[in-house]
>>> print(open('structure-v3.cif').read())   # mmCIF, C-alpha atoms
data_entry
#
loop_
_atom_site.group_PDB
_atom_site.id
_atom_site.type_symbol
_atom_site.label_atom_id
_atom_site.label_comp_id
_atom_site.auth_asym_id
_atom_site.auth_seq_id
_atom_site.Cartn_x
_atom_site.Cartn_y
_atom_site.Cartn_z
ATOM 1 C CA MET Y 1 110.278 84.771 32.525
ATOM 2 C CA SER Y 2 111.824 86.007 29.286
ATOM 3 C CA ARG Y 3 113.448 89.328 28.438
ATOM 4 C CA VAL Y 4 111.737 90.665 25.305
ATOM 5 C CA LEU Y 5 112.422 93.611 22.975
ATOM 6 C CA VAL Y 6 109.663 94.638 20.541
ATOM 7 C CA THR Y 7 110.168 97.181 17.757
ATOM 8 C CA GLY Y 8 107.199 99.193 16.528
ATOM 9 C CA GLY Y 9 105.772 98.684 19.994
ATOM 10 C CA ALA Y 10 103.813 101.937 20.288
ATOM 11 C CA SER Y 11 100.801 100.899 18.210
ATOM 12 C CA GLY Y 12 99.128 98.156 16.217
ATOM 13 C CA LEU Y 13 100.473 94.630 16.449
ATOM 14 C CA GLY Y 14 103.597 95.835 18.256
ATOM 15 C CA LEU Y 15 101.557 97.328 21.095
ATOM 16 C CA ALA Y 16 99.364 94.229 21.279
ATOM 17 C CA LEU Y 17 102.480 92.042 21.515
ATOM 18 C CA VAL Y 18 103.959 94.230 24.257
ATOM 19 C CA GLU Y 19 100.738 93.986 26.252
ATOM 20 C CA ARG Y 20 100.505 90.222 25.740
ATOM 21 C CA PHE Y 21 104.105 89.575 26.816
ATOM 22 C CA VAL Y 22 103.680 91.827 29.872
ATOM 23 C CA ALA Y 23 100.434 90.068 30.836
ATOM 24 C CA GLU Y 24 102.277 86.753 30.792
ATOM 25 C CA GLY Y 25 104.892 88.046 33.189
ATOM 26 C CA HIS Y 26 107.818 88.804 30.887
ATOM 27 C CA GLN Y 27 110.213 91.742 31.067
ATOM 28 C CA VAL Y 28 109.469 93.847 27.998
ATOM 29 C CA LEU Y 29 111.244 96.744 26.307
ATOM 30 C CA SER Y 30 108.911 98.493 23.891
ATOM 31 C CA THR Y 31 110.652 100.559 21.219
ATOM 32 C CA ASP Y 32 109.421 102.884 18.491
ATOM 33 C CA VAL Y 33 110.622 105.756 16.353
ATOM 34 C CA ALA Y 34 109.106 108.477 18.543
ATOM 35 C CA ALA Y 35 110.744 109.775 21.699
ATOM 36 C CA GLY Y 36 109.237 109.910 25.165
ATOM 37 C CA LEU Y 37 106.210 107.654 24.691
ATOM 38 C CA THR Y 38 104.592 105.980 27.682
ATOM 39 C CA PRO Y 39 104.506 102.193 27.366
ATOM 40 C CA PRO Y 40 101.857 99.912 28.885
ATOM 41 C CA ALA Y 41 102.173 99.360 32.619
ATOM 42 C CA GLY Y 42 104.918 96.876 33.360
ATOM 43 C CA ALA Y 43 106.970 97.635 30.223
ATOM 44 C CA SER Y 44 109.955 99.911 29.622
ATOM 45 C CA TYR Y 45 110.334 102.182 26.594
ATOM 46 C CA ARG Y 46 113.215 103.395 24.428
ATOM 47 C CA GLN Y 47 113.294 105.356 21.221
ATOM 48 C CA LEU Y 48 114.617 103.169 18.411
ATOM 49 C CA ASN Y 49 114.558 104.049 14.734
ATOM 50 C CA VAL Y 50 115.078 100.756 12.889
ATOM 51 C CA ARG Y 51 116.839 102.681 10.112
ATOM 52 C CA SER Y 52 119.596 103.740 12.528
ATOM 53 C CA ALA Y 53 122.480 101.372 13.245
ATOM 54 C CA GLU Y 54 123.419 103.622 16.162
ATOM 55 C CA ASP Y 55 119.982 103.173 17.746
ATOM 56 C CA TRP Y 56 120.348 99.416 17.429
ATOM 57 C CA ASP Y 57 123.768 99.486 19.072
ATOM 58 C CA ALA Y 58 122.310 101.542 21.931
ATOM 59 C CA ALA Y 59 119.487 99.020 22.366
ATOM 60 C CA VAL Y 60 121.990 96.162 22.647
ATOM 61 C CA GLU Y 61 123.939 98.125 25.254
ATOM 62 C CA TRP Y 62 120.729 98.846 27.200
ATOM 63 C CA VAL Y 63 119.592 95.207 27.452
ATOM 64 C CA GLU Y 64 123.083 94.064 28.430
ATOM 65 C CA GLN Y 65 123.456 96.712 31.135
ATOM 66 C CA THR Y 66 119.875 96.546 32.404
ATOM 67 C CA TRP Y 67 118.952 92.875 32.011
ATOM 68 C CA GLY Y 68 122.276 91.155 31.413
ATOM 69 C CA GLY Y 69 121.067 89.869 28.035
ATOM 70 C CA LEU Y 70 117.992 89.249 25.897
ATOM 71 C CA ASP Y 71 115.837 86.196 25.239
ATOM 72 C CA ILE Y 72 113.447 87.295 22.470
ATOM 73 C CA LEU Y 73 113.955 89.953 19.801
ATOM 74 C CA VAL Y 74 110.738 90.867 17.957
ATOM 75 C CA ASN Y 75 111.483 92.740 14.722
ATOM 76 C CA ASN Y 76 107.975 94.069 14.194
ATOM 77 C CA ALA Y 77 108.309 97.692 13.026
ATOM 78 C CA GLY Y 78 107.113 98.313 9.492
ATOM 79 C CA ILE Y 79 104.986 100.343 7.113
ATOM 80 C CA ALA Y 80 102.310 99.514 4.561
ATOM 81 C CA THR Y 81 102.901 100.295 0.920
ATOM 82 C CA GLY Y 82 102.009 99.086 -2.527
ATOM 83 C CA GLY Y 83 101.033 100.085 -5.998
ATOM 84 C CA ARG Y 84 101.200 99.164 -9.636
ATOM 85 C CA ILE Y 85 104.727 98.669 -10.931
ATOM 86 C CA ASP Y 86 104.481 101.591 -13.348
ATOM 87 C CA VAL Y 87 102.890 103.941 -10.797
ATOM 88 C CA GLU Y 88 104.730 103.411 -7.520
ATOM 89 C CA THR Y 89 107.911 105.489 -7.447
ATOM 90 C CA LEU Y 90 111.450 104.275 -6.880
ATOM 91 C CA ALA Y 91 111.643 106.541 -3.840
ATOM 92 C CA GLU Y 92 108.723 104.586 -2.361
ATOM 93 C CA TRP Y 93 110.577 101.353 -3.059
ATOM 94 C CA ASP Y 94 113.668 102.705 -1.310
ATOM 95 C CA ARG Y 95 111.632 103.672 1.752
ATOM 96 C CA VAL Y 96 109.874 100.341 2.229
ATOM 97 C CA VAL Y 97 113.066 98.356 1.611
ATOM 98 C CA ASP Y 98 114.944 100.462 4.184
ATOM 99 C CA ILE Y 99 112.254 100.058 6.862
ATOM 100 C CA ASN Y 100 110.552 96.706 6.298
ATOM 101 C CA LEU Y 101 113.581 94.713 5.156
ATOM 102 C CA MET Y 102 116.746 96.505 6.232
ATOM 103 C CA GLY Y 103 115.168 97.390 9.572
ATOM 104 C CA VAL Y 104 114.879 93.647 10.236
ATOM 105 C CA VAL Y 105 118.387 93.009 8.905
ATOM 106 C CA ARG Y 106 119.831 95.667 11.207
ATOM 107 C CA GLY Y 107 118.069 94.165 14.209
ATOM 108 C CA CYS Y 108 119.265 90.649 13.439
ATOM 109 C CA ARG Y 109 122.829 91.866 12.878
ATOM 110 C CA ALA Y 110 122.845 93.916 16.077
ATOM 111 C CA PHE Y 111 121.677 91.131 18.394
ATOM 112 C CA THR Y 112 123.203 88.033 16.798
ATOM 113 C CA PRO Y 113 126.612 88.488 18.509
ATOM 114 C CA LEU Y 114 124.857 88.665 21.892
ATOM 115 C CA PHE Y 115 122.756 85.585 21.148
ATOM 116 C CA LYS Y 116 125.843 83.691 19.996
ATOM 117 C CA ARG Y 117 127.670 84.545 23.225
ATOM 118 C CA GLN Y 118 124.664 83.465 25.257
ATOM 119 C CA ARG Y 119 124.223 80.298 23.205
ATOM 120 C CA SER Y 120 120.506 81.069 23.373
ATOM 121 C CA GLY Y 121 117.869 83.465 22.087
ATOM 122 C CA GLN Y 122 114.941 83.731 19.727
ATOM 123 C CA ILE Y 123 114.441 86.093 16.794
ATOM 124 C CA VAL Y 124 110.838 86.762 15.775
ATOM 125 C CA ASN Y 125 110.448 88.627 12.471
ATOM 126 C CA THR Y 126 107.084 90.056 11.448
ATOM 127 C CA ALA Y 127 106.552 89.466 7.743
ATOM 128 C CA SER Y 128 103.060 89.087 6.258
ATOM 129 C CA ALA Y 129 100.875 86.704 4.306
ATOM 130 C CA ALA Y 130 102.191 88.839 1.429
ATOM 131 C CA GLY Y 131 105.543 87.179 2.041
ATOM 132 C CA LEU Y 132 104.002 83.815 1.131
ATOM 133 C CA VAL Y 133 101.347 84.718 -1.445
ATOM 134 C CA HIS Y 134 101.795 87.593 -3.859
ATOM 135 C CA PRO Y 135 98.703 89.523 -4.982
ATOM 136 C CA PRO Y 136 98.999 91.948 -7.896
ATOM 137 C CA MET Y 137 99.511 95.689 -7.343
ATOM 138 C CA MET Y 138 101.665 95.018 -4.281
ATOM 139 C CA SER Y 139 105.113 94.511 -5.795
ATOM 140 C CA SER Y 140 107.140 96.435 -3.234
ATOM 141 C CA TYR Y 141 105.322 95.114 -0.169
ATOM 142 C CA ASN Y 142 105.300 91.525 -1.436
ATOM 143 C CA SER Y 143 108.984 91.729 -2.269
ATOM 144 C CA VAL Y 144 110.175 92.978 1.114
ATOM 145 C CA LYS Y 145 107.959 90.606 3.070
ATOM 146 C CA ALA Y 146 109.083 87.632 0.970
ATOM 147 C CA ALA Y 147 112.652 88.728 1.666
ATOM 148 C CA VAL Y 148 111.944 88.746 5.417
ATOM 149 C CA VAL Y 149 110.665 85.160 5.124
ATOM 150 C CA ALA Y 150 113.823 84.174 3.212
ATOM 151 C CA LEU Y 151 116.073 85.957 5.722
ATOM 152 C CA SER Y 152 114.306 84.221 8.599
ATOM 153 C CA GLU Y 153 114.668 80.771 7.063
ATOM 154 C CA THR Y 154 118.341 81.416 6.357
ATOM 155 C CA LEU Y 155 118.994 82.495 9.943
ATOM 156 C CA SER Y 156 117.003 79.582 11.362
ATOM 157 C CA HIS Y 157 119.651 77.277 9.873
ATOM 158 C CA GLU Y 158 122.650 79.564 10.337
ATOM 159 C CA LEU Y 159 122.035 80.218 14.038
ATOM 160 C CA HIS Y 160 120.794 76.769 15.038
ATOM 161 C CA PRO Y 161 124.294 75.580 16.065
ATOM 162 C CA TYR Y 162 124.361 78.439 18.587
ATOM 163 C CA GLY Y 163 121.064 77.491 20.218
ATOM 164 C CA VAL Y 164 119.219 80.407 18.615
ATOM 165 C CA SER Y 165 115.769 79.834 17.115
ATOM 166 C CA VAL Y 166 113.964 81.977 14.543
ATOM 167 C CA SER Y 167 110.268 82.514 13.871
ATOM 168 C CA VAL Y 168 108.577 84.470 11.094
ATOM 169 C CA VAL Y 169 105.031 85.824 11.449
ATOM 170 C CA CYS Y 170 102.755 85.959 8.391
ATOM 171 C CA PRO Y 171 99.280 87.396 9.107
ATOM 172 C CA SER Y 172 96.711 88.586 6.595
ATOM 173 C CA PHE Y 173 94.838 91.889 6.989
ATOM 174 C CA PHE Y 174 93.704 92.797 10.509
ATOM 175 C CA LYS Y 175 92.424 95.970 12.169
ATOM 176 C CA THR Y 176 95.328 98.261 12.985
ATOM 177 C CA ASN Y 177 96.624 101.753 12.276
ATOM 178 C CA LEU Y 178 99.014 100.370 9.639
ATOM 179 C CA GLY Y 179 96.943 102.032 6.936
ATOM 180 C CA ASP Y 180 98.032 105.414 8.298
ATOM 181 C CA SER Y 181 101.563 104.686 7.098
ATOM 182 C CA ILE Y 182 100.474 104.231 3.482
ATOM 183 C CA GLN Y 183 101.679 107.047 1.278
ATOM 184 C CA GLY Y 184 102.511 107.015 -2.376
ATOM 185 C CA ALA Y 185 101.681 107.778 -5.947
ATOM 186 C CA ASP Y 186 99.189 104.945 -6.477
ATOM 187 C CA THR Y 187 96.321 106.398 -4.447
ATOM 188 C CA ALA Y 188 93.797 103.861 -5.782
ATOM 189 C CA MET Y 189 95.868 101.013 -4.379
ATOM 190 C CA SER Y 190 96.362 102.843 -1.100
ATOM 191 C CA ASP Y 191 92.618 103.373 -0.680
ATOM 192 C CA SER Y 192 91.941 99.706 -1.401
ATOM 193 C CA ALA Y 193 94.498 98.564 1.184
ATOM 194 C CA ARG Y 194 93.034 100.882 3.829
ATOM 195 C CA ARG Y 195 89.551 99.454 3.240
ATOM 196 C CA LEU Y 196 90.824 95.880 3.624
ATOM 197 C CA ILE Y 197 92.532 96.783 6.897
ATOM 198 C CA GLU Y 198 89.526 98.660 8.290
ATOM 199 C CA LYS Y 199 86.959 95.993 7.333
ATOM 200 C CA SER Y 200 88.874 93.007 8.705
ATOM 201 C CA PRO Y 201 87.059 91.168 11.531
ATOM 202 C CA ARG Y 202 90.409 90.382 13.174
ATOM 203 C CA THR Y 203 92.085 92.644 15.712
ATOM 204 C CA ALA Y 204 95.717 93.158 16.621
ATOM 205 C CA ASP Y 205 94.977 91.423 19.938
ATOM 206 C CA ASP Y 206 93.713 88.348 18.072
ATOM 207 C CA ILE Y 207 96.899 88.168 16.029
ATOM 208 C CA ALA Y 208 99.153 88.852 19.034
ATOM 209 C CA ALA Y 209 97.619 85.973 21.001
ATOM 210 C CA ALA Y 210 98.334 83.543 18.164
ATOM 211 C CA VAL Y 211 101.846 84.931 17.660
ATOM 212 C CA VAL Y 212 102.838 84.587 21.317
ATOM 213 C CA ALA Y 213 101.484 81.027 21.347
ATOM 214 C CA GLY Y 214 103.656 80.223 18.308
ATOM 215 C CA VAL Y 215 106.687 81.904 19.861
ATOM 216 C CA LYS Y 216 106.316 79.741 22.965
ATOM 217 C CA LYS Y 217 106.411 76.629 20.775
ATOM 218 C CA LYS Y 218 109.353 78.078 18.817
ATOM 219 C CA GLN Y 219 107.497 77.508 15.557
ATOM 220 C CA PHE Y 220 109.390 78.718 12.520
ATOM 221 C CA LEU Y 221 106.379 79.719 10.406
ATOM 222 C CA ILE Y 222 103.611 81.366 12.411
ATOM 223 C CA ILE Y 223 100.467 81.926 10.317
ATOM 224 C CA PRO Y 224 98.114 83.400 12.918
ATOM 225 C CA ASP Y 225 94.789 83.569 11.060
ATOM 226 C CA ARG Y 226 92.655 81.361 8.858
ATOM 227 C CA PRO Y 227 92.548 83.544 5.687
ATOM 228 C CA ALA Y 228 96.349 83.655 5.543
ATOM 229 C CA LEU Y 229 96.581 79.911 6.105
ATOM 230 C CA LEU Y 230 94.004 79.149 3.400
ATOM 231 C CA ALA Y 231 95.747 81.422 0.888
ATOM 232 C CA TRP Y 232 99.105 79.789 1.568
ATOM 233 C CA ARG Y 233 97.673 76.279 1.275
ATOM 234 C CA THR Y 234 95.849 77.173 -1.934
ATOM 235 C CA LYS Y 235 99.098 78.359 -3.486
ATOM 236 C CA ARG Y 236 100.943 75.213 -2.366
ATOM 237 C CA PHE Y 237 98.353 72.581 -3.185
ATOM 238 C CA ALA Y 238 95.987 74.130 -5.755
ATOM 239 C CA ARG Y 239 98.204 76.382 -7.820
ATOM 240 C CA PRO Y 240 95.846 76.714 -10.834
ATOM 241 C CA LEU Y 241 93.077 77.951 -8.518
ATOM 242 C CA TYR Y 242 95.476 80.369 -6.840
ATOM 243 C CA ASP Y 243 96.605 81.754 -10.215
ATOM 244 C CA ARG Y 244 92.991 82.228 -11.358
ATOM 245 C CA GLN Y 245 92.139 84.137 -8.184
ATOM 246 C CA MET Y 246 95.133 86.431 -8.523
ATOM 247 C CA ARG Y 247 94.415 87.150 -12.185
ATOM 248 C CA LYS Y 248 90.799 87.989 -11.346
ATOM 249 C CA ILE Y 249 92.074 90.563 -8.878
ATOM 250 C CA ALA Y 250 94.360 92.009 -11.552
ATOM 251 C CA ALA Y 251 91.527 92.087 -14.110
ATOM 252 C CA ARG Y 252 89.240 93.966 -11.730
ATOM 253 C CA ALA Y 253 92.019 96.441 -11.008
ATOM 254 C CA ARG Y 254 92.486 97.036 -14.732
ATOM 255 C CA GLN Y 255 88.760 97.673 -15.159
ATOM 256 C CA ARG Y 256 88.756 100.195 -12.300
ATOM 257 C CA ALA Y 257 91.848 101.919 -13.666
ATOM 258 C CA GLU Y 258 90.376 102.204 -17.160
ATOM 259 C CA ALA Y 259 87.052 103.448 -15.792
ATOM 260 C CA THR Y 260 88.856 106.078 -13.752
ATOM 261 C CA SER Y 261 90.862 107.178 -16.799
ATOM 262 C CA ALA Y 262 87.700 107.419 -18.866
ATOM 263 C CA ASP Y 263 85.994 109.524 -16.193
ATOM 264 C CA GLN Y 264 88.918 111.924 -16.232
ATOM 265 C CA VAL Y 265 88.787 112.507 -19.992
ATOM 266 C CA PRO Y 266 86.803 115.752 -20.632
ATOM 267 C CA SER Y 267 83.746 115.547 -22.862
ATOM 268 C CA ALA Y 268 83.531 117.437 -26.144
ATOM 269 C CA GLY Y 269 81.520 120.197 -24.479
ATOM 270 C CA GLU Y 270 84.150 120.605 -21.787
ATOM 271 C CA ARG Y 271 87.122 120.870 -24.152
#
>>> encode(input="structure-v3.cif", output="structure tokens")
Amino acid sequence: MSRVLVTGGASGLGLALVERFVAEGHQVLSTDVAAGLTPPAGASYRQLNVRSAEDWDAAVEWVEQTWGGLDILVNNAGIATGGRIDVETLAEWDRVVDINLMGVVRGCRAFTPLFKRQRSGQIVNTASAAGLVHPPMMSSYNSVKAAVVALSETLSHELHPYGVSVSVVCPSFFKTNLGDSIQGADTAMSDSARRLIEKSPRTADDIAAAVVAGVKKKQFLIIPDRPALLAWRTKRFARPLYDRQMRKIAARARQRAEATSADQVPSAGER
């Protein structure tokens, strides 16, 4: 039985992971930014804002005092974002970097001393297929998720001498409430991302089952669904095809943007 801490555990993939770990008999601490939430039966709950170093320090103190240590840290909390490079604001970039990247960095920094003392532990970082393949109109999201993949690979080598393993999770779109976190200047991109999330045939439970299976095997790269795996393999082994697909997406986006601009130009009779 492992002792597991999951961030972003109140909804979406985080909640599905909490439920899956509990069902398999593990001790689970679900954390999220809100206070006073009720976790699934069998789990504990603490408020933890991944942007707060103080909250992370308090979480370390809690697991040491309550459990005597931790076996698996799941850095899962995150938001969805995206937009064209000339439309998305720098404030939006700051927000997604602080949550999706620095939130993971803070978690890794907070728990690494404990894992080193234990000479054991596993860090599981939720990235995205966007960390491996990089569609247009998603500069900020692609960038932070690629950084999480790079951070995870770095730590997998750095912490190996201490008996600590690292996994990084890279799913494609699946049904979740992640679309609710999308906010920004590029509303066309936001609407498109929400549709992809809502229309996906995959659920958070589907992804969680594959993730927990990969965690058990201590796989470094966990790609839990077929579309993400195919996209990654296409980029690796058929790069010209991958480039053509991405440029088609960009071309369609340009056509939609120009059509929208044309619709917004008043006719002569309206001027």
>>> closest_residue(input="structure-v3.cif", among="Y:Leu13, Y:Val63, Y:Val33, Y:Ala250", to="Pro171 in chain Y", atoms="only C-alpha atoms")
Y:Leu13
>>> closest_residue(input="structure-v3.cif", among="Y:Ser11, Y:Ser2, Y:Asn125, Y:Ser172", to="Ala150 in chain Y", atoms="all atoms listed in the file")
Y:Asn125
>>> atom_distance(input="structure-v3.cif", atom1="CA of Phe115 in chain Y", atom2="CA of Glu158 in chain Y")
12.4 Å
>>> residues_around(input="structure-v3.cif", residues="range 24-27 of chain Y", least_positions_apart="4", cutoff="10 Å", atoms="only C-alpha atoms", output="number ranges by chain")
Y: 1-5, 18-20, 42-44, 67, 70-71, 212
>>> atom_distance(input="structure-v3.cif", atom1="CA of Gly163 in chain Y", atom2="CA of Asp98 in chain Y")
28.7 Å
>>> closest_residue(input="structure-v3.cif", among="Y:Ser165, Y:Ala53, Y:Val96, Y:Ser143", to="Lys216 in chain Y", atoms="all atoms listed in the file")
Y:Ser165
>>> decode(input="structure-v3.cif", residues="range 157-173 of chain Y", atoms="N, CA, C and O atoms", output="PDB file, in the first residue's frame")
ATOM      1  N   HIS Y 157      16.866  11.429 -14.170  1.00  0.00           N
ATOM      2  CA  HIS Y 157      18.295  11.133 -14.089  1.00  0.00           C
ATOM      3  C   HIS Y 157      18.884  11.639 -12.767  1.00  0.00           C
ATOM      4  O   HIS Y 157      19.648  10.931 -12.100  1.00  0.00           O
ATOM      5  N   GLU Y 158      18.507  12.860 -12.402  1.00  0.00           N
ATOM      6  CA  GLU Y 158      19.084  13.501 -11.224  1.00  0.00           C
ATOM      7  C   GLU Y 158      18.769  12.743  -9.931  1.00  0.00           C
ATOM      8  O   GLU Y 158      19.624  12.646  -9.036  1.00  0.00           O
ATOM      9  N   LEU Y 159      17.548  12.197  -9.840  1.00  0.00           N
ATOM     10  CA  LEU Y 159      17.118  11.562  -8.601  1.00  0.00           C
ATOM     11  C   LEU Y 159      17.293  10.045  -8.596  1.00  0.00           C
ATOM     12  O   LEU Y 159      17.069   9.406  -7.563  1.00  0.00           O
ATOM     13  N   HIS Y 160      17.695   9.489  -9.715  1.00  0.00           N
ATOM     14  CA  HIS Y 160      17.889   8.037  -9.788  1.00  0.00           C
ATOM     15  C   HIS Y 160      18.873   7.513  -8.741  1.00  0.00           C
ATOM     16  O   HIS Y 160      18.622   6.466  -8.111  1.00  0.00           O
ATOM     17  N   PRO Y 161      19.986   8.193  -8.476  1.00  0.00           N
ATOM     18  CA  PRO Y 161      20.911   7.687  -7.450  1.00  0.00           C
ATOM     19  C   PRO Y 161      20.306   7.611  -6.051  1.00  0.00           C
ATOM     20  O   PRO Y 161      20.858   6.932  -5.181  1.00  0.00           O
ATOM     21  N   TYR Y 162      19.183   8.299  -5.846  1.00  0.00           N
ATOM     22  CA  TYR Y 162      18.532   8.290  -4.531  1.00  0.00           C
ATOM     23  C   TYR Y 162      17.376   7.296  -4.467  1.00  0.00           C
ATOM     24  O   TYR Y 162      16.631   7.254  -3.480  1.00  0.00           O
ATOM     25  N   GLY Y 163      17.193   6.514  -5.524  1.00  0.00           N
ATOM     26  CA  GLY Y 163      16.103   5.549  -5.540  1.00  0.00           C
ATOM     27  C   GLY Y 163      14.752   6.146  -5.852  1.00  0.00           C
ATOM     28  O   GLY Y 163      13.713   5.533  -5.582  1.00  0.00           O
ATOM     29  N   VAL Y 164      14.745   7.347  -6.430  1.00  0.00           N
ATOM     30  CA  VAL Y 164      13.498   8.044  -6.749  1.00  0.00           C
ATOM     31  C   VAL Y 164      13.238   7.941  -8.246  1.00  0.00           C
ATOM     32  O   VAL Y 164      14.119   8.252  -9.058  1.00  0.00           O
ATOM     33  N   SER Y 165      12.049   7.510  -8.624  1.00  0.00           N
ATOM     34  CA  SER Y 165      11.684   7.403 -10.033  1.00  0.00           C
ATOM     35  C   SER Y 165      10.750   8.544 -10.414  1.00  0.00           C
ATOM     36  O   SER Y 165      10.100   9.146  -9.548  1.00  0.00           O
ATOM     37  N   VAL Y 166      10.687   8.831 -11.702  1.00  0.00           N
ATOM     38  CA  VAL Y 166       9.853   9.927 -12.211  1.00  0.00           C
ATOM     39  C   VAL Y 166       9.074   9.436 -13.415  1.00  0.00           C
ATOM     40  O   VAL Y 166       9.615   8.730 -14.277  1.00  0.00           O
ATOM     41  N   SER Y 167       7.807   9.807 -13.474  1.00  0.00           N
ATOM     42  CA  SER Y 167       6.955   9.523 -14.628  1.00  0.00           C
ATOM     43  C   SER Y 167       6.336  10.827 -15.112  1.00  0.00           C
ATOM     44  O   SER Y 167       6.092  11.742 -14.320  1.00  0.00           O
ATOM     45  N   VAL Y 168       6.078  10.908 -16.411  1.00  0.00           N
ATOM     46  CA  VAL Y 168       5.381  12.070 -16.960  1.00  0.00           C
ATOM     47  C   VAL Y 168       4.234  11.557 -17.824  1.00  0.00           C
ATOM     48  O   VAL Y 168       4.391  10.641 -18.619  1.00  0.00           O
ATOM     49  N   VAL Y 169       3.055  12.159 -17.620  1.00  0.00           N
ATOM     50  CA  VAL Y 169       1.811  11.697 -18.242  1.00  0.00           C
ATOM     51  C   VAL Y 169       1.440  12.639 -19.380  1.00  0.00           C
ATOM     52  O   VAL Y 169       1.357  13.856 -19.187  1.00  0.00           O
ATOM     53  N   CYS Y 170       1.184  12.065 -20.569  1.00  0.00           N
ATOM     54  CA  CYS Y 170       0.941  12.889 -21.758  1.00  0.00           C
ATOM     55  C   CYS Y 170      -0.307  12.431 -22.514  1.00  0.00           C
ATOM     56  O   CYS Y 170      -0.213  11.784 -23.562  1.00  0.00           O
ATOM     57  N   PRO Y 171      -1.496  12.749 -22.007  1.00  0.00           N
ATOM     58  CA  PRO Y 171      -2.734  12.383 -22.703  1.00  0.00           C
ATOM     59  C   PRO Y 171      -3.138  13.417 -23.747  1.00  0.00           C
ATOM     60  O   PRO Y 171      -2.726  14.573 -23.688  1.00  0.00           O
ATOM     61  N   SER Y 172      -3.970  12.974 -24.701  1.00  0.00           N
ATOM     62  CA  SER Y 172      -4.605  13.925 -25.610  1.00  0.00           C
ATOM     63  C   SER Y 172      -5.916  14.387 -24.980  1.00  0.00           C
ATOM     64  O   SER Y 172      -6.139  14.202 -23.778  1.00  0.00           O
ATOM     65  N   PHE Y 173      -6.803  14.985 -25.766  1.00  0.00           N
ATOM     66  CA  PHE Y 173      -8.060  15.499 -25.218  1.00  0.00           C
ATOM     67  C   PHE Y 173      -8.916  14.367 -24.651  1.00  0.00           C
ATOM     68  O   PHE Y 173      -9.013  13.289 -25.227  1.00  0.00           O
TER      69      PHE Y 173
END
